[in-house]
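Chemist: Here it is, the structure in full.
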Amino acid sequence: MLTLMGALLVATAIAPFLISALGRPAFGLLALVPGVGFFWTLQKLVDGAFADGNTLRFDIAWMPAAHLDLSLRMDGLSALFSLIILGVGALVMLYCWGYFDQTPRRLSLFAGEMMAFATAMYGLVISDSFLLMYVFWEVTSLLSYLLVSYYGERASSRRSSQQALMVTALGGLVMLMGIILLGRQTGMWSFSEIAAMPDVVQTPYITVAIVLILAGALSKSAIAPSHFWLPGAMAAPTPVSAYLHSAAMVKAGIYLVARLAPEFHVVTTWHLVVIPLGVFTMLLGGWMALKQKDLKLVLAYGTVSQLGFITSIMAIGSREAMQAGLALTFAHSLFKAALFMIVGAIDHSAGTRDIDKLSGLGRRQPLLYGLAIISGLSMAGIPPLFGFVSKEAVLEAIMHEELLVGMPRNLLLVGVVLGSILTMAYTLRFLWGAFATKDREAGASEAVRKMHPVGLLLWLPPGILSALTIFFGLLPTPLSSAINQHLNSVFGSAEKTYLSLWHGWTIPLALSAFIVAMGIILHWQRQVLVKWQFTYPALGSADKAYDTVINSLRNLSLHTTASTQRGSLQLNLTVIFATLMILPVIMLINGDLTNVRMIVAENPWQMVAALIMMLSAIAATSMDNRLSAVIIVGVTGYALAFVFALHGAPDLALTQLLVETIIMVLFMLVLRRMPAQTDWKQNPETSRLRAWLAVGVGLSVTLVGMYAINARTARPISEFMPELAKEIGHGANAVNVLLVDIRAWDTFGEISVLVIAAIGVASLIYRTQSFSRSSRRPTLRVTGRRWLAAGVESEQALNRSLMIDVTTRVLFPSMMALSLYFFFAGHNAPGGGFAGGLVAALALILRYLAGGRAELDEALPIDGGRTMGTGLILAALAAIVPMFFGRPPLTTGYNKIAVPLIGDVSLPSALIFDAGVYLVVVGLTLYILNSLGARLDIEEEGRKQRARDRARSLARRQRQREAAAKVQKAKKAKAAAGAATASTATEGKEK
């Protein structure tokens with residue numbers, strides 16, 4: 001069981017790469033994994049591995065106090081649903097090979113998502129823990145969102161995927177509340193414990209818990225009023241529809257109802273909620289199917305109807321009802337997957353699914369028509385197909401059901417009969433609409449005449465399913481025996497019932513004949529039926545109700561945001577600081593701690609540091625120059641580092657100094673794009689209010705800190721840290737051992753946040769452009785450089801100060817050596833990967849400030865993203881590798897090696913984790929320097945170049961205008977001279 005789960009996970013991971021490398025034939029290779037899993041599960045059922053309540057189990061204890069143990073269990077019910085999930089999944093993957101004509105990039109992700117879908121469904125049905133099952137439950141919702149939005153460029157696909165995610169995820173969250181409530185009231189957090197519940201009816205809040213759990217199960221299985229998301233999911237490719245409607249997603253709710261019904265049906269709420277909603281959904285879906293002209297929508301609303309049918313039968317909770325419900329589940333998976341694949345083949349070959357555009361298809365494609373007839377008639381319950389066997393079992397179970405007496409049983413029987421009549425009618429509508437020759441004179445329609453042949457892989461998978469429909473119809477005993485393995489473990493083996501094709505001349509057989517006859521009449525009189533169907537739904541549109549709810553929530557969000565987020569930073573900070581000031585003080589006033597004491601200072605140097613911080617804080621508020629204000633604020637940080645050093649915390653002091661220095665440099669990089677002076681001044685009244693707010697916040701924080709220090713009643717754990725660091729982490733520096741061993745999970749989360757923050761900063765600067773840079777191998781190049789590596793080609797380099805060049809050249813190697821010293825010495829002395837990385841970051845910042853981005857490229861020609869990625873991988877390896885040696889994650893190994901002339905050198909495995917931290921800090925610095933530094937430099941240079949180009953263009957146009965004016969002036973002068981000469985000549989002639 002665990003091996004199969006691992007194989008599915010591996011197939012999910014490699015599926016995109018296989019599709020990219022091999023193209024569509026890779027779907028055939030991927031189909032082997034669920035296919036092998038199907039035959040393994042089938043062999044277990046044939047061998048009777050789940051008889052007498054036997055199970056396959058795998059348990060890993062993880063956070064038992066939070067009930068998060070990884071508990072997997074396969075029993076008879078899990079095995080039955082695994083057959084559906086894996087078998088249909090293998091055929092759908094094989095069908096994808098023939099369905100897709102090309103291999104676009106999105107198809108690689110699609111293959112991985114489909115395999116992940118099968119993996120999540122398999123994990124869901126073998127989970128014994130409620131909470132683990134819920135994790136897989138929500139994963140299926142997320143994957144359905146990704147699969148339905150395959151054609152993301154279409155608005156219909158985006159809307160349908162969001163709708164499916166919103167409905168099923170909301171139902172899942174409600175179900176989680178029910179699971180927690182049930183677990184808190186009963187102490188049972190796994191499915192295997194439910195059977196041992198002493199008295200379900202008397203359990204407190206059991207009704208609320210059941211309703212909440214059913215909200216998730218029924219929304220997942222598209223039971224009204226949340227039925228509308230399933231027809232909308234038809235925007236997905238047909239393979240997704242075939243899998244989603246037959247074996248995945250919707251079957252999750254069916255599985256949960258089947259799992260809980262034998263124990264929870266005794267609670268009155270169970271039947272009152274599930275059975276009426278199931279019958280109503282069956283009738284609603286069947287009636288809606290008769291209105292559709294899209295073949296996929298006919299099948300989609302038919303699925304809604306069938307899901308209501310199955311749910312209402314499963315929810316009864318008796319042995320006979322469970323047997324009939326499981327048989328109906330198998331029958332539905334066989335015929336519904338086959339019918340969707342047939343529709344996909346029609347759409348693929350003819351280019352349409354519209355009933356009005358299909359005519360004469362049955363004569364052109366007799367094989368496809370034959371497969372559709374087999375699966376369609378099984379859906380309608382026609383003998384000798386398996387759909388008839390399962391429907392007969394349902395009618396027989398309802399008529400003799402002891403848990404439903406009188407009117408409830410009669411109403412359920414009437415509802416099932418009416419729903420089955422509608423099923424027969426929309427089955428005939430599907431077959432007629434897809435394959436019939438609607439106009440005898442015109443013959444085949446244009447789409448049918450131009451359709452290309454149906455390939456082998458488009459009819460082979462539905463052919464296999466149709467063959468199984470016939471096989472289990474004629475010989476249902478093997479499947480019945482497999483179902484009995486589960487029923488015997490739940491209800492006992494005193495009475496065994498078997499599925500059968502022929503029960504004799506019985507009332508259920510008469511009801512089946514009546515259903516068939518009435519369904520044929522409804523289809524025959526379909527033109528009359530149209531008059532009874534409203535243009536607008538009589539009970540309203542659930543789809544429009546969903547839109548109304550979403551729009552109302554959106555408007556509420558907009559109004560709330562507009563009233564709380566006014567765009568004023570001062571207002572937002574005022575609200576935050578006022579809350580920080582008022583709430584803790586109120587709690588302190590209501591508290592009962594009275595023995596409060598505080599030592600102002602332990603030595604005079606602390607008073608000096610405090611005085612420096614206070615003066616700097618006051619001076620920062622009166623500064624008009626932005627850069628000066630940043631430097632003065634930085635002084636408070638340096639004074640705080642001095643306080644850390646006075647308290648004997650050199651690691652904290654060192655880290656504070658380095659971080660404060662880097663922050664000041666980064667502020668300088670940002671402020672250089674802003675005016676040096678702050679022109680805006682507040683009025684004195686507002687300044688006084690801000691001053692009182694600052695005083696209040698300062699006093700409240702001081703009081704909270706004072707009370708918090710005096711509130712300790714237990715011995716502080718910090719007293720044991722040095723001993724634990726030596727014993728567990730093999731290091732004398734308790735701070736660094738705490739970061740890389742004892743609390744390494746926190747550190748791993750923090751460096752992950754650093755990576756996310758770096759990507760966020762780069763995204764803000766680069767926007768939609770790529771902010772990656774190509775790494776290159778450093779080479780020794782001879783240039784006309786003086787002291788730095790970037791050379792003197794640029795004007796900026798020529799104007800650079802020689803003193804800056806020399807200072808940078810001298811300091812950089814020393815700082816890098818100090819960085820490596822901090823890194824290697826940090827396990828037993830002040831330092832560590834974080835401090836070493838900060839020193840290296842300062843060295844790189846120095847190179848950048850001295851020589852610009854060209855100098856930074858020469859100093860470290862490596863992409864910052866790859867550096868951070870390498871650091872994360874190293875940290876993850878340090879967490880994972882100990883597990884292969886039977887140790888908990890992040891366990892530190894220790895060894896000593898003898899180095900000549902040096903002696904014994906300690907090598908803890910935590911050094912690898914520290915190296916990851918080191919690389920993440922360096923990569924973060926590169927990212928920020930390239931975004932806030934180099935990128936802004938490039939934009940500034942571009943702006944200046946554009947300004948110079950505009951100036952040159954203006955000057956050129958001015959020169960052109962002046963030249964044109966001179967030419968025009970010369971022409972005028974020449975013309976005037978010519979006119980004067982002509983006048984003189986005329987006068988001479990006259991004289």
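Simple scheme: letters A, B, ... for chains in structure tokens order, numbers from 1 for residues in each chain, numbers from 1 for ligands in the order shown.
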So that I can check the surroundings of A:Leu844, please list as a PDB file with N, CA and C atoms, in the first residue's frame every protein, DNA and RNA residue that reaches within 8 Å of it, counting only C-alpha atoms and ignoring chain neighbours fewer than 3 positions away.
Modeler:
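What ended up in selection32.pdb:
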ATOM      1  N   PHE A 812      38.180  44.375   1.302  1.00  0.00           N
ATOM      2  CA  PHE A 812      37.349  43.266   0.817  1.00  0.00           C
ATOM      3  C   PHE A 812      37.919  41.894   1.181  1.00  0.00           C
ATOM      4  N   ALA A 840      29.930  38.944   4.741  1.00  0.00           N
ATOM      5  CA  ALA A 840      30.147  38.823   3.302  1.00  0.00           C
ATOM      6  C   ALA A 840      29.238  39.781   2.536  1.00  0.00           C
ATOM      7  N   ALA A 841      28.009  39.950   3.013  1.00  0.00           N
ATOM      8  CA  ALA A 841      27.097  40.883   2.367  1.00  0.00           C
ATOM      9  C   ALA A 841      27.628  42.310   2.446  1.00  0.00           C
ATOM     10  N   ARG A 847      31.923  46.721  -2.323  1.00  0.00           N
ATOM     11  CA  ARG A 847      32.356  46.683  -3.715  1.00  0.00           C
ATOM     12  C   ARG A 847      31.363  47.428  -4.614  1.00  0.00           C
ATOM     13  N   TYR A 848      30.082  47.258  -4.331  1.00  0.00           N
ATOM     14  CA  TYR A 848      29.078  47.936  -5.153  1.00  0.00           C
ATOM     15  C   TYR A 848      29.153  49.447  -4.982  1.00  0.00           C
ATOM     16  N   LEU A 856      30.243  44.878  -8.869  1.00  0.00           N
ATOM     17  CA  LEU A 856      29.528  43.787  -8.203  1.00  0.00           C
ATOM     18  C   LEU A 856      29.524  42.535  -9.077  1.00  0.00           C
ATOM     19  N   ALA A 859      32.874  41.029  -8.761  1.00  0.00           N
ATOM     20  CA  ALA A 859      33.155  40.480  -7.434  1.00  0.00           C
ATOM     21  C   ALA A 859      32.509  39.118  -7.244  1.00  0.00           C
TER      22      ALA A 859
END
Chemist: Atom CA of A:Ala196 to atom CA of A:Val174: how many Å, to one decimal?
Modeler: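 So the answer is 25.0 Å.
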Chemist: With only C-alpha atoms as the counted atoms, please give the residues lying no more than 10 Å from stretch 470-484 of chain A, apart from itself and same-chain residues fewer than 6 positions off, as a PyMOL selection string.
Modeler: chain A and resi 42+44-48+50-51+76-77+79-80+319+322-324+326-327+330-331+374-375+378+382-390+490-493+496-502
Chemist: Just to be explicit: take each residue in the selection above, keep C-alpha atoms, and write the result as a tab-separated table (two decimals), in the first residue's frame.
Modeler:
chain	number	residue	atom	x	y	z
A	42	LEU	CA	-7.76	-6.61	-7.25
A	44	LYS	CA	-5.82	-8.54	-2.61
A	45	LEU	CA	-9.61	-8.68	-2.93
A	46	VAL	CA	-9.49	-11.99	-4.80
A	47	ASP	CA	-7.27	-13.45	-2.09
A	48	GLY	CA	-9.75	-12.33	0.59
A	50	PHE	CA	-9.94	-7.91	3.76
A	51	ALA	CA	-12.28	-10.66	4.93
A	76	GLY	CA	-12.64	-3.59	2.17
A	77	LEU	CA	-14.29	-0.22	1.48
A	79	ALA	CA	-10.02	-1.34	-1.60
A	80	LEU	CA	-13.32	-1.08	-3.50
A	319	ARG	CA	-26.38	-3.92	4.85
A	322	MET	CA	-24.92	-0.42	1.40
A	323	GLN	CA	-24.56	-3.34	-1.00
A	324	ALA	CA	-26.93	-1.74	-3.48
A	326	LEU	CA	-21.76	0.20	-3.71
A	327	ALA	CA	-23.00	-1.73	-6.74
A	330	PHE	CA	-19.38	0.76	-9.55
A	331	ALA	CA	-22.01	0.76	-12.30
A	374	ILE	CA	-24.16	-0.42	-24.04
A	375	SER	CA	-23.09	2.22	-21.52
A	378	SER	CA	-26.65	0.45	-18.42
A	382	ILE	CA	-31.73	-2.14	-19.04
A	383	PRO	CA	-30.94	-5.86	-18.67
A	384	PRO	CA	-28.59	-7.69	-18.94
A	385	LEU	CA	-26.21	-4.83	-18.12
A	386	PHE	CA	-24.71	-4.11	-14.72
A	387	GLY	CA	-26.74	-0.91	-14.36
A	388	PHE	CA	-29.87	-3.07	-14.32
A	389	VAL	CA	-28.39	-5.35	-11.63
A	390	SER	CA	-27.53	-2.42	-9.37
A	490	VAL	CA	-19.09	-3.99	9.30
A	491	PHE	CA	-22.39	-5.85	9.71
A	492	GLY	CA	-21.14	-9.37	10.50
A	493	SER	CA	-21.22	-12.48	8.33
A	496	LYS	CA	-24.71	-12.92	3.19
A	497	THR	CA	-26.47	-11.39	0.22
A	498	TYR	CA	-25.33	-11.52	-3.39
A	499	LEU	CA	-26.03	-9.47	-6.46
A	500	SER	CA	-27.87	-11.28	-9.21
A	501	LEU	CA	-29.15	-10.60	-12.71
A	502	TRP	CA	-32.41	-12.55	-12.28
Chemist: Going by DSSP on the backbone, which residues of stretch 810-947 of chain A come out as alpha helix (DSSP H)? List them as number ranges by chain.
Modeler: A: 810-825, 833-859, 864-880, 910-928, 936-947
Chemist: So how far away is atom CA of A:Ala510 from atom CA of A:Glu392, in Å?
Modeler: 10.2 Å
Chemist: Fewer than 3 positions away in the same chain doesn't count, so skip those; otherwise give me all residues within 9 Å of A:Tyr426, counting only C-alpha atoms, as a PyMOL selection string.
Modeler: chain A and resi 286-287+289-290+298-299+302+380+421-423+429-431+519+523
Chemist: Any chance you can output those residues with N, CA and C atoms as a PDB file, in the first residue's frame?
Modeler:
ATOM      1  N   GLY A 286     -32.011  15.116 -13.190  1.00  0.00           N
ATOM      2  CA  GLY A 286     -32.651  14.445 -14.325  1.00  0.00           C
ATOM      3  C   GLY A 286     -33.501  15.390 -15.145  1.00  0.00           C
ATOM      4  N   TRP A 287     -34.245  16.272 -14.489  1.00  0.00           N
ATOM      5  CA  TRP A 287     -35.089  17.216 -15.213  1.00  0.00           C
ATOM      6  C   TRP A 287     -34.238  18.215 -16.006  1.00  0.00           C
ATOM      7  N   ALA A 289     -31.263  17.691 -17.181  1.00  0.00           N
ATOM      8  CA  ALA A 289     -30.580  17.004 -18.289  1.00  0.00           C
ATOM      9  C   ALA A 289     -31.438  16.985 -19.546  1.00  0.00           C
ATOM     10  N   LEU A 290     -32.766  16.972 -19.381  1.00  0.00           N
ATOM     11  CA  LEU A 290     -33.651  16.916 -20.532  1.00  0.00           C
ATOM     12  C   LEU A 290     -33.701  18.241 -21.300  1.00  0.00           C
ATOM     13  N   VAL A 298     -25.614  17.201 -20.928  1.00  0.00           N
ATOM     14  CA  VAL A 298     -26.595  16.145 -20.670  1.00  0.00           C
ATOM     15  C   VAL A 298     -26.011  15.143 -19.680  1.00  0.00           C
ATOM     16  N   LEU A 299     -24.773  14.725 -19.918  1.00  0.00           N
ATOM     17  CA  LEU A 299     -24.125  13.768 -19.017  1.00  0.00           C
ATOM     18  C   LEU A 299     -23.804  14.413 -17.669  1.00  0.00           C
ATOM     19  N   GLY A 302     -26.829  14.543 -15.730  1.00  0.00           N
ATOM     20  CA  GLY A 302     -27.093  13.147 -15.395  1.00  0.00           C
ATOM     21  C   GLY A 302     -26.236  12.677 -14.237  1.00  0.00           C
ATOM     22  N   ALA A 380     -29.462   3.578 -17.928  1.00  0.00           N
ATOM     23  CA  ALA A 380     -30.923   3.565 -17.827  1.00  0.00           C
ATOM     24  C   ALA A 380     -31.458   2.355 -17.085  1.00  0.00           C
ATOM     25  N   ILE A 421     -37.116   7.181 -14.103  1.00  0.00           N
ATOM     26  CA  ILE A 421     -37.835   7.498 -15.358  1.00  0.00           C
ATOM     27  C   ILE A 421     -37.133   8.631 -16.094  1.00  0.00           C
ATOM     28  N   LEU A 422     -36.723   9.662 -15.345  1.00  0.00           N
ATOM     29  CA  LEU A 422     -35.976  10.762 -15.958  1.00  0.00           C
ATOM     30  C   LEU A 422     -34.636  10.278 -16.502  1.00  0.00           C
ATOM     31  N   THR A 423     -34.002   9.335 -15.791  1.00  0.00           N
ATOM     32  CA  THR A 423     -32.734   8.782 -16.275  1.00  0.00           C
ATOM     33  C   THR A 423     -32.927   8.078 -17.604  1.00  0.00           C
ATOM     34  N   ARG A 429     -32.418  10.627 -24.870  1.00  0.00           N
ATOM     35  CA  ARG A 429     -32.098  11.923 -25.479  1.00  0.00           C
ATOM     36  C   ARG A 429     -30.627  11.983 -25.871  1.00  0.00           C
ATOM     37  N   PHE A 430     -29.770  11.449 -25.035  1.00  0.00           N
ATOM     38  CA  PHE A 430     -28.335  11.449 -25.350  1.00  0.00           C
ATOM     39  C   PHE A 430     -28.049  10.608 -26.596  1.00  0.00           C
ATOM     40  N   LEU A 431     -28.575   9.389 -26.619  1.00  0.00           N
ATOM     41  CA  LEU A 431     -28.317   8.504 -27.761  1.00  0.00           C
ATOM     42  C   LEU A 431     -28.934   9.067 -29.044  1.00  0.00           C
ATOM     43  N   GLY A 519     -40.073   6.167 -19.387  1.00  0.00           N
ATOM     44  CA  GLY A 519     -38.954   6.910 -19.946  1.00  0.00           C
ATOM     45  C   GLY A 519     -39.036   7.004 -21.453  1.00  0.00           C
ATOM     46  N   HIS A 523     -39.456  10.463 -23.769  1.00  0.00           N
ATOM     47  CA  HIS A 523     -38.622  10.818 -24.907  1.00  0.00           C
ATOM     48  C   HIS A 523     -39.438  10.942 -26.184  1.00  0.00           C
TER      49      HIS A 523
END
Chemist: Using the chain letters and numbers from this document, which residues of stretch 849-946 of chain A does DSSP assign to strand (DSSP E or B), as JSON, numbers by chain?
Modeler: {"A": [896, 897, 898, 899, 903, 904, 905, 906]}
Chemist: Keeping only C-alpha atoms, write the selected residues to a file as an mmCIF file, in the first residue's frame.
Modeler:
data_model
loop_
_atom_site.group_PDB
_atom_site.id
_atom_site.type_symbol
_atom_site.label_atom_id
_atom_site.label_comp_id
_atom_site.auth_asym_id
_atom_site.auth_seq_id
_atom_site.Cartn_x
_atom_site.Cartn_y
_atom_site.Cartn_z
ATOM 1 C CA LYS A 896 36.646 15.241 14.472
ATOM 2 C CA ILE A 897 39.436 15.191 11.967
ATOM 3 C CA ALA A 898 43.119 15.812 12.566
ATOM 4 C CA VAL A 899 44.603 18.584 10.423
ATOM 5 C CA GLY A 903 45.194 19.801 15.365
ATOM 6 C CA ASP A 904 41.718 18.377 15.828
ATOM 7 C CA VAL A 905 38.976 20.180 13.908
ATOM 8 C CA SER A 906 35.332 19.692 14.880
#
Chemist: Using only C-alpha atoms, pick whichever of A:Gln656, A:Thr281, A:Ser190, A:Gln606 has the shortest atom-to-atom distance to A:Ile223.
Modeler: A:Thr281
Chemist: Just checking: using only C-alpha atoms, which residue out of A:Asp547, A:Asn683, A:Ala970, A:Leu924 ends up closest to A:Arg159?
Modeler: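 Among the listed residues, the smallest separation from A:Arg159 belongs to A:Asp547.
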Chemist: Quick one: residues within 6 Å of A:Asn733, only C-alpha atoms, excluding same-chain residues fewer than 2 positions away - as a ChimeraX atom specification?
Modeler: /A:731,735-736,827-829
Chemist: Have a look at A:Ser953, A:Leu754, A:Tyr821, A:Gly443 and name the one nearest to A:Thr925; count only C-alpha atoms.
Modeler: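 The shortest atom-to-atom distance to A:Thr925 comes from A:Leu754.
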Chemist: What's the separation between atom CA of A:Ala963 and atom CA of A:Thr981, in Å to one decimal place?
Modeler: 26.9 Å
Chemist: List as a PDB file with C-alpha atoms, in the first residue's frame the protein and nucleic acid residues near stretch 362-369 of chain A, meaning an atom at most 7 Å away when only C-alpha atoms are counted, but skip any in the same chain fewer than 3 places from it.
Modeler:
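Written file, out_30.pdb:
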ATOM      1  CA  ILE A 342     -17.356   8.689 -26.228  1.00  0.00           C
ATOM      2  CA  ALA A 372     -22.637   4.278 -26.402  1.00  0.00           C
ATOM      3  CA  ILE A 373     -25.705   2.032 -26.507  1.00  0.00           C
ATOM      4  CA  PHE A 435     -26.186   9.305 -33.155  1.00  0.00           C
ATOM      5  CA  ALA A 436     -29.660   9.521 -34.743  1.00  0.00           C
ATOM      6  CA  TRP A 459     -12.542   3.975 -28.452  1.00  0.00           C
TER       7      TRP A 459
END
Chemist: Please provide as a list in words all residues within 8 Å of stretch 140-143 of chain A, with the sequence filter that same-chain residues fewer than 2 positions apart are discarded (counting only C-alpha atoms).
Modeler: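 Here the answer would be Glu113, Ala116, Phe117, Ala120, Met121, Phe136, Trp137, Glu138, Tyr145, Leu146, Leu147, Ala164, Leu165, Thr168, Ala169 and Met249 of chain A.
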